[in-house]
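Engineer: Sending over protein_37.txt (compact mmCIF, C-alpha atoms).
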```txt
# COMPACT_ATOMS: atom_id res chain seq x y z
CA MET A 1 -3.31 13.68 25.03
CA THR A 2 -0.48 16.19 24.87
CA LEU A 3 1.91 16.19 21.97
CA GLN A 4 5.35 17.38 22.96
CA ILE A 5 8.12 18.18 20.52
CA THR A 6 11.56 18.85 21.96
CA ASP A 7 14.57 20.21 20.11
CA LEU A 8 13.60 18.54 16.86
CA SER A 9 15.85 18.56 13.79
CA LEU A 10 14.58 17.36 10.45
CA ALA A 11 16.06 16.56 7.07
CA ARG A 12 14.47 16.16 3.68
CA GLY A 13 16.36 14.15 1.09
CA GLY A 14 19.47 14.21 3.31
CA VAL A 15 19.50 18.02 3.61
CA PRO A 16 18.66 19.48 7.04
CA VAL A 17 15.65 21.79 6.81
CA LEU A 18 14.62 22.53 10.39
CA ALA A 19 16.60 22.58 13.63
CA GLY A 20 15.94 23.23 17.30
CA LEU A 21 12.17 23.14 17.00
CA SER A 22 10.18 22.74 20.23
CA PHE A 23 6.47 23.13 20.95
CA THR A 24 3.68 21.60 22.99
CA LEU A 25 0.19 20.89 21.74
CA GLY A 26 -2.31 20.24 24.49
CA PRO A 27 -5.89 18.92 24.33
CA GLY A 28 -8.37 21.35 22.82
CA ARG A 29 -5.65 23.38 21.12
CA ALA A 30 -4.86 24.00 17.48
CA LEU A 31 -1.44 24.91 16.14
CA ILE A 32 -1.15 26.41 12.68
CA LEU A 33 2.19 26.15 10.93
CA ARG A 34 3.26 28.98 8.67
CA GLY A 35 6.33 29.53 6.57
CA PRO A 36 7.44 29.91 2.97
CA ASN A 37 7.42 26.98 0.52
CA GLY A 38 10.15 24.48 1.21
CA VAL A 39 10.71 25.51 4.82
CA GLY A 40 9.81 22.00 5.99
CA LYS A 41 6.13 22.08 6.93
CA THR A 42 5.34 18.79 5.19
CA THR A 43 8.53 17.20 6.51
CA LEU A 44 7.56 18.19 10.05
CA LEU A 45 4.04 16.84 9.67
CA ARG A 46 5.25 13.55 8.16
CA THR A 47 7.74 13.18 11.01
CA VAL A 48 5.10 13.82 13.65
CA ALA A 49 2.86 11.27 11.91
CA GLY A 50 5.69 8.74 12.21
CA LEU A 51 6.35 8.34 8.50
CA GLN A 52 9.98 9.39 8.78
CA PRO A 53 12.44 9.56 11.66
CA PRO A 54 13.81 12.90 12.93
CA LEU A 55 17.54 13.69 12.73
CA ALA A 56 17.56 14.63 16.40
CA GLY A 57 15.12 15.49 19.15
CA THR A 58 12.11 13.71 20.59
CA ILE A 59 8.40 13.51 19.89
CA THR A 60 6.26 12.25 22.75
CA GLY A 61 2.56 11.55 22.85
CA ALA A 62 2.23 10.81 19.13
CA GLU A 63 2.18 7.02 19.22
CA ASP A 64 -1.17 5.73 17.88
CA GLN A 65 -2.78 9.13 18.48
CA ILE A 66 -2.36 10.71 15.05
CA ALA A 67 -4.85 10.97 12.23
CA TYR A 68 -2.75 12.09 9.27
CA GLY A 69 -4.10 13.89 6.22
CA GLY A 70 -1.51 14.51 3.53
CA HIS A 71 -1.41 16.25 0.16
CA SER A 72 -3.16 13.35 -1.57
CA ASP A 73 -6.67 12.37 -0.68
CA GLY A 74 -5.98 8.66 -0.15
CA LEU A 75 -9.24 7.62 -1.78
CA LYS A 76 -9.96 4.57 -3.89
CA LEU A 77 -11.66 5.95 -6.99
CA GLY A 78 -13.35 2.62 -7.77
CA LEU A 79 -15.16 2.52 -4.43
CA THR A 80 -18.18 4.61 -3.46
CA VAL A 81 -18.11 7.38 -0.84
CA THR A 82 -19.63 5.06 1.77
CA GLU A 83 -17.26 2.19 0.96
CA ASN A 84 -14.24 4.45 1.29
CA LEU A 85 -15.34 5.73 4.69
CA ARG A 86 -16.43 2.32 5.93
CA PHE A 87 -13.03 0.89 5.03
CA TRP A 88 -11.16 3.48 7.10
CA ALA A 89 -13.64 3.10 9.94
CA GLN A 90 -12.94 -0.65 10.01
CA ILE A 91 -9.18 -0.14 9.82
CA PHE A 92 -9.33 2.12 12.87
CA GLY A 93 -11.69 -0.25 14.70
CA GLN A 94 -14.73 2.05 14.45
CA ARG A 95 -18.21 1.42 13.09
CA ASP A 96 -19.99 4.72 12.93
CA PHE A 97 -19.28 6.94 9.93
CA GLU A 98 -22.70 8.60 9.45
CA PRO A 99 -21.81 11.74 11.50
CA ALA A 100 -18.76 12.28 9.27
CA LEU A 101 -20.91 12.05 6.12
CA GLU A 102 -23.30 14.62 7.58
CA ALA A 103 -20.58 16.95 8.85
CA PHE A 104 -19.02 17.28 5.41
CA ASN A 105 -22.31 17.39 3.53
CA LEU A 106 -21.62 14.13 1.71
CA ALA A 107 -24.87 12.32 2.50
CA GLU A 108 -26.31 12.98 -0.96
CA LEU A 109 -23.19 11.61 -2.63
CA ARG A 110 -22.97 8.47 -0.53
CA ASP A 111 -23.48 5.97 -3.38
CA ARG A 112 -21.43 7.81 -5.97
CA PRO A 113 -18.05 6.28 -6.86
CA ALA A 114 -15.23 8.46 -5.56
CA GLY A 115 -13.87 8.64 -9.12
CA GLY A 116 -16.95 10.63 -10.14
CA LEU A 117 -16.49 13.33 -7.50
CA SER A 118 -15.04 16.79 -8.10
CA ALA A 119 -11.69 17.70 -6.55
CA GLY A 120 -13.40 19.63 -3.75
CA GLN A 121 -15.80 16.78 -3.01
CA LYS A 122 -12.89 14.32 -2.87
CA ARG A 123 -11.15 16.64 -0.43
CA ARG A 124 -14.27 16.74 1.74
CA LEU A 125 -14.40 12.93 1.74
CA SER A 126 -10.72 12.82 2.65
CA LEU A 127 -11.36 15.18 5.59
CA ALA A 128 -14.41 13.17 6.67
CA ARG A 129 -11.99 10.24 7.09
CA LEU A 130 -10.29 12.12 9.94
CA MET A 131 -13.52 12.18 11.94
CA VAL A 132 -13.99 8.47 11.31
CA THR A 133 -10.61 7.55 12.81
CA ARG A 134 -11.61 8.97 16.23
CA ARG A 135 -7.98 9.76 16.92
CA PRO A 136 -7.28 12.76 19.16
CA ILE A 137 -4.52 14.54 17.19
CA TRP A 138 -5.23 15.63 13.64
CA VAL A 139 -2.11 16.29 11.60
CA LEU A 140 -3.10 18.04 8.39
CA ASP A 141 -1.09 19.21 5.41
CA GLU A 142 -2.86 22.00 3.48
CA PRO A 143 -6.33 20.61 4.29
CA THR A 144 -8.24 23.33 2.45
CA VAL A 145 -6.77 22.78 -1.02
CA SER A 146 -9.54 22.89 -3.67
CA LEU A 147 -12.28 23.56 -1.11
CA ASP A 148 -14.79 26.35 -1.80
CA ALA A 149 -15.69 28.97 0.83
CA ALA A 150 -18.70 27.01 2.13
CA SER A 151 -16.66 23.80 2.48
CA VAL A 152 -13.89 25.67 4.30
CA GLN A 153 -16.58 26.73 6.78
CA LEU A 154 -17.68 23.09 7.15
CA PHE A 155 -14.08 22.09 7.75
CA ALA A 156 -13.49 24.88 10.28
CA ALA A 157 -16.66 23.83 12.11
CA SER A 158 -15.55 20.22 12.26
CA VAL A 159 -12.11 21.22 13.58
CA GLU A 160 -13.81 23.38 16.24
CA ALA A 161 -16.04 20.47 17.24
CA HIS A 162 -12.98 18.22 17.40
CA LEU A 163 -11.15 20.72 19.64
CA ALA A 164 -14.21 21.19 21.84
CA ALA A 165 -14.30 17.41 22.34
CA GLY A 166 -10.76 17.50 23.71
CA GLY A 167 -8.89 16.75 20.50
CA SER A 168 -6.09 18.79 19.04
CA ALA A 169 -4.97 19.76 15.57
CA LEU A 170 -1.61 20.50 13.98
CA MET A 171 -1.95 21.89 10.49
CA ALA A 172 -0.08 23.67 7.76
CA THR A 173 -2.38 26.13 6.05
CA HIS A 174 -2.26 29.63 4.60
CA ILE A 175 -5.98 30.26 4.95
CA ASP A 176 -7.36 31.97 8.05
CA LEU A 177 -9.87 29.45 9.39
CA GLY A 178 -11.06 31.73 12.20
CA LEU A 179 -9.86 29.13 14.69
CA ASP A 180 -8.77 30.04 18.18
CA GLY A 181 -5.35 28.54 17.69
CA ASP A 182 -1.69 29.43 18.02
CA VAL A 183 0.39 30.24 14.98
CA LEU A 184 3.93 28.94 14.67
CA ASP A 185 6.17 30.47 12.02
CA LEU A 186 8.78 27.91 11.01
CA GLY A 187 11.04 30.53 9.36
CA PRO A 188 13.27 31.15 12.44
CA PHE A 189 13.90 27.42 12.85
CA LYS A 190 15.43 27.01 9.42
CA ALA A 191 18.55 24.85 9.64
CA LYS A 192 21.81 26.75 9.13
CA ALA A 193 23.94 24.06 7.53
CA THR A 194 23.12 23.16 3.97
CA ALA A 195 25.63 20.32 3.55
CA PRO A 196 23.99 16.90 3.24
CA VAL A 197 24.27 14.81 6.38
CA ALA A 198 25.12 11.15 6.50
CA ASP A 199 22.23 9.32 8.12
CA GLY A 200 23.82 5.92 7.79
CA PHE A 201 21.82 5.13 4.70
CA ASP A 202 23.33 5.31 1.25
CA GLU A 203 20.63 6.53 -1.09
CA VAL A 204 22.91 7.01 -4.07
CA PHE A 205 22.54 3.45 -5.29
CA LEU A 206 18.88 4.06 -6.02
CA MET B 1 -7.06 -6.81 8.30
CA ILE B 2 -10.15 -8.49 6.88
CA ALA B 3 -11.43 -5.09 5.79
CA LEU B 4 -8.19 -4.53 3.88
CA LEU B 5 -8.40 -7.96 2.22
CA LEU B 6 -12.01 -7.37 1.19
CA ARG B 7 -11.16 -3.89 -0.14
CA ASP B 8 -8.27 -5.22 -2.24
CA LEU B 9 -10.41 -8.02 -3.63
CA GLN B 10 -13.26 -5.62 -4.35
CA LEU B 11 -10.91 -3.26 -6.19
CA ALA B 12 -9.42 -6.12 -8.20
CA PHE B 13 -12.78 -7.41 -9.37
CA ARG B 14 -14.21 -3.97 -10.24
CA ALA B 15 -13.73 -2.42 -13.65
CA GLY B 16 -10.10 -1.50 -14.27
CA GLY B 17 -8.90 -3.63 -11.38
CA GLY B 18 -6.81 -5.82 -13.62
CA PHE B 19 -8.29 -9.12 -12.50
CA GLY B 20 -7.96 -11.66 -15.31
CA LEU B 21 -5.04 -9.93 -17.01
CA GLY B 22 -2.56 -12.41 -15.57
CA LEU B 23 -4.87 -15.26 -16.40
CA ALA B 24 -5.27 -14.11 -20.01
CA PHE B 25 -1.49 -13.70 -20.29
CA PHE B 26 -0.94 -17.26 -19.01
CA LEU B 27 -3.46 -18.55 -21.55
CA ILE B 28 -1.85 -16.69 -24.46
CA VAL B 29 1.70 -17.76 -23.56
CA THR B 30 0.67 -21.40 -23.29
CA VAL B 31 -1.21 -21.29 -26.58
CA MET B 32 1.82 -19.70 -28.28
CA VAL B 33 4.20 -22.48 -27.23
CA PRO B 34 3.02 -25.07 -29.80
CA PHE B 35 3.48 -22.40 -32.50
CA SER B 36 7.07 -21.81 -31.48
CA VAL B 37 8.27 -25.39 -30.82
CA GLY B 38 6.10 -27.20 -33.38
CA PRO B 39 3.10 -29.47 -32.96
CA ASN B 40 5.10 -32.64 -32.16
CA SER B 41 3.10 -34.06 -29.25
CA THR B 42 6.04 -35.93 -27.68
CA THR B 43 8.13 -32.75 -27.48
CA LEU B 44 5.18 -30.78 -26.11
CA GLY B 45 4.46 -33.43 -23.48
CA THR B 46 8.10 -33.33 -22.32
CA ILE B 47 8.28 -29.57 -21.92
CA ALA B 48 4.71 -29.06 -20.69
CA PRO B 49 5.44 -28.94 -16.90
CA GLY B 50 8.27 -26.45 -17.37
CA VAL B 51 6.27 -24.27 -19.76
CA LEU B 52 3.27 -24.21 -17.44
CA TRP B 53 5.44 -23.24 -14.49
CA LEU B 54 7.29 -20.53 -16.40
CA GLY B 55 4.03 -19.18 -17.79
CA ALA B 56 2.45 -19.04 -14.32
CA LEU B 57 5.53 -17.29 -12.94
CA LEU B 58 5.52 -14.63 -15.66
CA ALA B 59 1.77 -14.11 -15.29
CA CYS B 60 2.30 -13.62 -11.57
CA LEU B 61 5.05 -11.08 -12.24
CA LEU B 62 2.84 -9.10 -14.60
CA SER B 63 0.49 -7.76 -11.94
CA LEU B 64 3.09 -7.12 -9.22
CA ASP B 65 3.84 -3.49 -10.07
CA ARG B 66 0.23 -2.57 -9.31
CA LEU B 67 0.35 -4.25 -5.91
CA LEU B 68 1.59 -1.22 -3.96
CA ALA B 69 2.04 1.42 -6.68
CA LEU B 70 -1.69 2.24 -6.82
CA ASP B 71 -1.89 2.74 -3.05
CA TRP B 72 1.28 4.82 -3.20
CA GLU B 73 -0.05 7.10 -5.93
CA ASP B 74 -3.33 7.94 -4.26
CA GLY B 75 -1.76 8.37 -0.82
CA SER B 76 -3.49 5.41 0.86
CA LEU B 77 -0.15 3.78 1.59
CA ASP B 78 0.89 6.71 3.83
CA LEU B 79 -2.45 6.47 5.59
CA LEU B 80 -2.15 2.70 6.03
CA ALA B 81 1.32 3.20 7.49
CA THR B 82 -0.12 5.55 10.13
CA ALA B 83 -3.09 3.25 10.83
CA PRO B 84 -3.15 0.94 13.86
CA LEU B 85 -2.40 -2.12 11.69
CA PRO B 86 1.19 -3.38 11.73
CA LEU B 87 2.83 -2.78 8.36
CA GLU B 88 3.93 -6.44 8.26
CA GLY B 89 0.30 -7.47 8.51
CA VAL B 90 -0.76 -4.98 5.84
CA LEU B 91 1.79 -6.41 3.40
CA ALA B 92 0.96 -10.03 4.21
CA VAL B 93 -2.71 -9.27 3.57
CA LYS B 94 -1.90 -7.50 0.31
CA ALA B 95 0.15 -10.54 -0.77
CA LEU B 96 -2.79 -12.78 0.12
CA ALA B 97 -5.15 -10.61 -1.94
CA HIS B 98 -2.68 -10.80 -4.84
CA TRP B 99 -2.54 -14.58 -4.54
CA ILE B 100 -6.33 -14.90 -4.51
CA THR B 101 -6.75 -12.69 -7.57
CA THR B 102 -3.72 -13.92 -9.53
CA GLY B 103 -2.17 -17.12 -8.15
CA LEU B 104 -5.29 -19.10 -7.38
CA PRO B 105 -6.87 -18.63 -10.85
CA LEU B 106 -3.54 -19.76 -12.39
CA VAL B 107 -3.60 -22.91 -10.26
CA LEU B 108 -7.15 -23.69 -11.32
CA VAL B 109 -6.61 -23.10 -15.02
CA ALA B 110 -3.23 -24.88 -15.30
CA PRO B 111 -4.69 -28.43 -15.77
CA VAL B 112 -6.91 -27.14 -18.58
CA LEU B 113 -3.93 -25.61 -20.34
CA GLY B 114 -2.04 -28.86 -19.71
CA VAL B 115 -4.39 -30.49 -22.22
CA LEU B 116 -3.27 -28.01 -24.88
CA LEU B 117 0.35 -29.01 -24.25
CA ASN B 118 -0.33 -32.75 -24.26
CA LEU B 119 0.68 -33.14 -20.62
CA ALA B 120 0.87 -36.81 -19.51
CA PRO B 121 -2.31 -37.85 -17.60
CA ALA B 122 -0.32 -38.52 -14.41
CA GLY B 123 0.97 -34.93 -14.50
CA PHE B 124 -2.33 -33.07 -14.07
CA PHE B 125 -2.54 -33.71 -10.34
CA TRP B 126 1.11 -32.79 -9.78
CA ILE B 127 1.10 -29.56 -11.79
CA THR B 128 -1.96 -28.38 -9.84
CA LEU B 129 -0.50 -29.38 -6.49
CA SER B 130 2.93 -27.88 -7.16
CA LEU B 131 1.40 -24.57 -8.33
CA LEU B 132 -0.93 -24.55 -5.32
CA ILE B 133 2.03 -24.87 -2.97
CA GLY B 134 4.43 -22.67 -4.94
CA THR B 135 2.36 -19.64 -6.03
CA PRO B 136 1.87 -18.19 -2.50
CA ALA B 137 5.66 -17.81 -2.34
CA LEU B 138 5.60 -16.00 -5.70
CA SER B 139 3.05 -13.48 -4.38
CA MET B 140 4.92 -12.92 -1.12
CA ILE B 141 8.34 -12.47 -2.76
CA GLY B 142 6.65 -10.19 -5.29
CA THR B 143 5.25 -8.05 -2.47
CA PHE B 144 8.77 -7.64 -1.13
CA GLY B 145 9.91 -6.55 -4.59
CA ALA B 146 6.98 -4.14 -4.88
CA ALA B 147 7.83 -2.64 -1.48
CA LEU B 148 11.42 -2.22 -2.62
CA THR B 149 10.55 -0.37 -5.83
CA VAL B 150 7.43 1.55 -4.81
CA GLY B 151 7.69 5.22 -5.67
CA LEU B 152 10.38 4.75 -8.30
CA ARG B 153 9.70 5.88 -11.82
CA ARG B 154 9.65 2.91 -14.20
CA GLY B 155 9.72 0.73 -11.11
CA GLY B 156 7.95 -2.07 -12.97
CA LEU B 157 10.93 -3.23 -15.01
CA LEU B 158 13.33 -2.94 -12.08
CA LEU B 159 10.84 -4.92 -10.02
CA SER B 160 10.90 -7.77 -12.56
CA LEU B 161 14.70 -7.80 -12.61
CA LEU B 162 14.90 -7.88 -8.82
CA VAL B 163 12.20 -10.45 -8.25
CA MET B 164 13.04 -12.98 -10.99
CA PRO B 165 16.25 -14.28 -9.36
CA LEU B 166 14.36 -14.70 -6.08
CA TYR B 167 11.81 -16.84 -7.92
CA VAL B 168 14.49 -19.32 -9.03
CA PRO B 169 14.28 -21.81 -6.11
CA THR B 170 10.49 -21.96 -6.32
CA LEU B 171 10.66 -22.43 -10.08
CA ILE B 172 13.29 -25.19 -9.88
CA PHE B 173 11.49 -27.27 -7.29
CA GLY B 174 7.98 -26.52 -8.54
CA ALA B 175 8.77 -27.52 -12.09
CA GLU B 176 10.69 -30.55 -10.79
CA VAL B 177 7.62 -31.78 -8.90
CA ALA B 178 5.47 -31.40 -12.00
CA ARG B 179 8.09 -33.01 -14.29
CA ARG B 180 8.68 -36.00 -12.03
CA GLY B 181 4.96 -36.41 -11.44
CA ALA B 182 4.23 -36.40 -15.17
CA ALA B 183 6.99 -38.98 -15.77
CA GLY B 184 5.71 -41.18 -12.95
CA PHE B 185 8.71 -40.78 -10.61
CA ALA B 186 8.71 -40.13 -6.87
CA THR B 187 7.98 -36.45 -6.14
CA GLU B 188 8.39 -36.35 -2.39
CA THR B 189 11.78 -34.63 -2.14
CA PRO B 190 11.15 -31.66 -4.46
CA LEU B 191 7.63 -31.32 -3.06
CA LEU B 192 8.96 -30.98 0.49
CA MET B 193 11.62 -28.52 -0.68
CA LEU B 194 8.95 -26.47 -2.46
CA ALA B 195 6.72 -26.47 0.61
CA GLY B 196 9.68 -25.52 2.79
CA ILE B 197 10.58 -22.57 0.54
CA THR B 198 6.98 -21.34 0.60
CA ALA B 199 6.72 -21.69 4.38
CA GLY B 200 10.00 -19.86 4.94
CA THR B 201 9.01 -17.12 2.52
CA LEU B 202 5.65 -16.59 4.18
CA ALA B 203 7.31 -16.42 7.59
CA PHE B 204 10.13 -13.99 6.81
CA MET B 205 9.15 -11.91 3.79
CA PRO B 206 6.44 -9.79 5.48
CA PHE B 207 9.10 -8.45 7.87
CA ALA B 208 11.60 -7.79 5.09
CA ALA B 209 8.93 -6.12 2.97
CA ALA B 210 7.76 -3.91 5.85
CA ALA B 211 11.35 -2.90 6.63
CA VAL B 212 12.09 -1.75 3.07
CA LEU B 213 8.70 -0.06 2.76
CA ARG B 214 9.37 1.99 5.90
CA VAL B 215 12.61 3.21 4.32
CA ASN B 216 10.81 3.91 1.05
CA LEU B 217 8.03 5.96 2.67
CA ARG B 218 10.44 8.48 4.19
```
Please express what this file holds, its structure, as structure tokens.
Structural biologist:
Amino acid sequence: MTLQITDLSLARGGVPVLAGLSFTLGPGRALILRGPNGVGKTTLLRTVAGLQPPLAGTITGAEDQIAYGGHSDGLKLGLTVTENLRFWAQIFGQRDFEPALEAFNLAELRDRPAGGLSAGQKRRLSLARLMVTRRPIWVLDEPTVSLDAASVQLFAASVEAHLAAGGSALMATHIDLGLDGDVLDLGPFKAKATAPVADGFDEVFL
Amino acid sequence: MIALLLRDLQLAFRAGGGFGLGLAFFLIVTVMVPFSVGPNSTTLGTIAPGVLWLGALLACLLSLDRLLALDWEDGSLDLLATAPLPLEGVLAVKALAHWITTGLPLVLVAPVLGVLLNLAPAGFFWITLSLLIGTPALSMIGTFGAALTVGLRRGGLLLSLLVMPLYVPTLIFGAEVARRGAAGFATETPLLMLAGITAGTLAFMPFAAAAVLRVNLR
């Protein structure tokens, strides 16, 4: 499944942040987004995931193909590790979540409530969810936050396995994962205009 | 969908899930009424259907701000929005889970509290029936309100202000069914109106709620 982005312009809070962005992400490829804080990495990832519409441009090949992992872990702290993973497996119409538990070294923690996990362990559980979805395109926003060196290795290995199986990954990260992927610096695509644009939706009343 | 319903129910019944808060609130409000209006049993019997309905409505309102706010805070709402489930279905299921954990217990406990308010014997059936038909609409309208205010700071109070006026038709006809039933009059007309409001709400509100939530998630 090839993700194709053509001439994309994005706004955050009504202010344009990126303009004229185009790239293609084919099967088995990884694309790492770089750029200073506030350049629009999260906005781009949320747009690709379908959570917000672009100002202009087209995204093809994203429909029902994206497994999104945002800043927050998306875990229910009252449920155990297994219950959390099983829930997402069911939502995505899958059954098997054991390989994901193994891949992120969570098997020993399986019956612990997610609320009792450390920040790094929660992050690992959140990343294990991506494997469970079985979707081909992983869209990740700073996936390695609060992971230790060994867990970053686990994560890099799982991304490599995902790419080898024909999946692809689009991620914003500042850590070198040792992946054979392309790097895209978003700096040159920064939108020139800083005046707020009217998008037909009056947000002032909120 | 069923997985989502089971997860929401599981979370509600676990420690800190807030199950029973609405029920306890309903109980307290009803018990307080005789203190405020006096122990005259004729007066209490007259106002009992209205008090029970108002109490149930407020108890329902109490737990609404948690309906989507918790999923918003921990990021699950973003993930659910990118999942293969339609957002309309997600919200309808969340409203159903809210009804099972909040509305249904209120329906079941209302006749018991009717005794405390000296409700006329003929009224017990009608208060239960009218709440059974009316409370699903309260949960569904509340889900719309929660979708509208999710992500706002102090969204809870705004949610109450937005949702209360939308509860008015349900309250009018629901309380009317119970009042007429208790007095021994025909209840058919308000009962059909109440059922119609609930049916319309269940049919249209999931779409409205999903539309505002999509805007809110941007």
Engineer: Would you list the contacts of Ala209 (chain B) as a list in words, taking every protein, DNA or RNA residue within 10 Å and counting all atoms listed in the file, but skipping same-chain residues closer than 6 positions in sequence?
Structural biologist: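 Answer for this query is Leu87, Glu88, Leu91, Ala92, Met140, Ile141, Gly142, Thr143, Phe144, Gly145, Ala146, Ala147 and Leu148 of chain B.
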Engineer: Output C-alpha atoms for every residue in that selection, as a PDB file, in the frame of the given file.
Structural biologist:
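Final output, result16.pdb:
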```
ATOM      1  CA  LEU B  87       2.830  -2.780   8.360  1.00  0.00           C
ATOM      2  CA  GLU B  88       3.930  -6.440   8.260  1.00  0.00           C
ATOM      3  CA  LEU B  91       1.790  -6.410   3.400  1.00  0.00           C
ATOM      4  CA  ALA B  92       0.960 -10.030   4.210  1.00  0.00           C
ATOM      5  CA  MET B 140       4.920 -12.920  -1.120  1.00  0.00           C
ATOM      6  CA  ILE B 141       8.340 -12.470  -2.760  1.00  0.00           C
ATOM      7  CA  GLY B 142       6.650 -10.190  -5.290  1.00  0.00           C
ATOM      8  CA  THR B 143       5.250  -8.050  -2.470  1.00  0.00           C
ATOM      9  CA  PHE B 144       8.770  -7.640  -1.130  1.00  0.00           C
ATOM     10  CA  GLY B 145       9.910  -6.550  -4.590  1.00  0.00           C
ATOM     11  CA  ALA B 146       6.980  -4.140  -4.880  1.00  0.00           C
ATOM     12  CA  ALA B 147       7.830  -2.640  -1.480  1.00  0.00           C
ATOM     13  CA  LEU B 148      11.420  -2.220  -2.620  1.00  0.00           C
TER      14      LEU B 148
END
```
Engineer: Please identify every residue of chain B that has at least one atom no more than 12 Å from any atom of chain A, counting only C-alpha atoms, and report them as a ChimeraX atom specification.
Structural biologist: /B:1-17,70-87,90,148-153,155,158,213-218
Engineer: As an exercise, work out the distance from CA of Gly40 (chain A) to CA of Lys190 (chain A) in Å and give it to one decimal place.
Structural biologist: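 Taking CA of Gly40 (chain A) and CA of Lys190 (chain A), their separation equals 8.3 Å.
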Engineer: Suppose you want the space between CA of Ala100 (chain A) and CA of Leu68 (chain B); what is it in Å?
Structural biologist: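 Answer for the CA of Ala100 (chain A) to CA of Leu68 (chain B) separation: 27.8 Å.
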Engineer: Nearest residue to Leu58 (chain B) out of B:Thr30, B:Ser130, B:Thr101, B:Thr198, using only C-alpha atoms?
Structural biologist: B:Thr30
Engineer: So which residues touch Leu23 (chain B) within 8 Å, counting all atoms listed in the file, skipping near sequence neighbours fewer than 6 positions away, as a PDB file with C-alpha atoms, in the frame of the given file?
Structural biologist:
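Wrote it out as selection.pdb, contents follow:
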```
ATOM      1  CA  ALA B  59       1.770 -14.110 -15.290  1.00  0.00           C
ATOM      2  CA  THR B 102      -3.720 -13.920  -9.530  1.00  0.00           C
ATOM      3  CA  PRO B 105      -6.870 -18.630 -10.850  1.00  0.00           C
ATOM      4  CA  LEU B 106      -3.540 -19.760 -12.390  1.00  0.00           C
TER       5      LEU B 106
END
```
Engineer: Env of Gly26 (chain A): 10 Å cut, atoms = all atoms listed in the file, seq-sep filter 3 positions within chain, self excluded. Answer as a count of residues only.
Structural biologist: 13
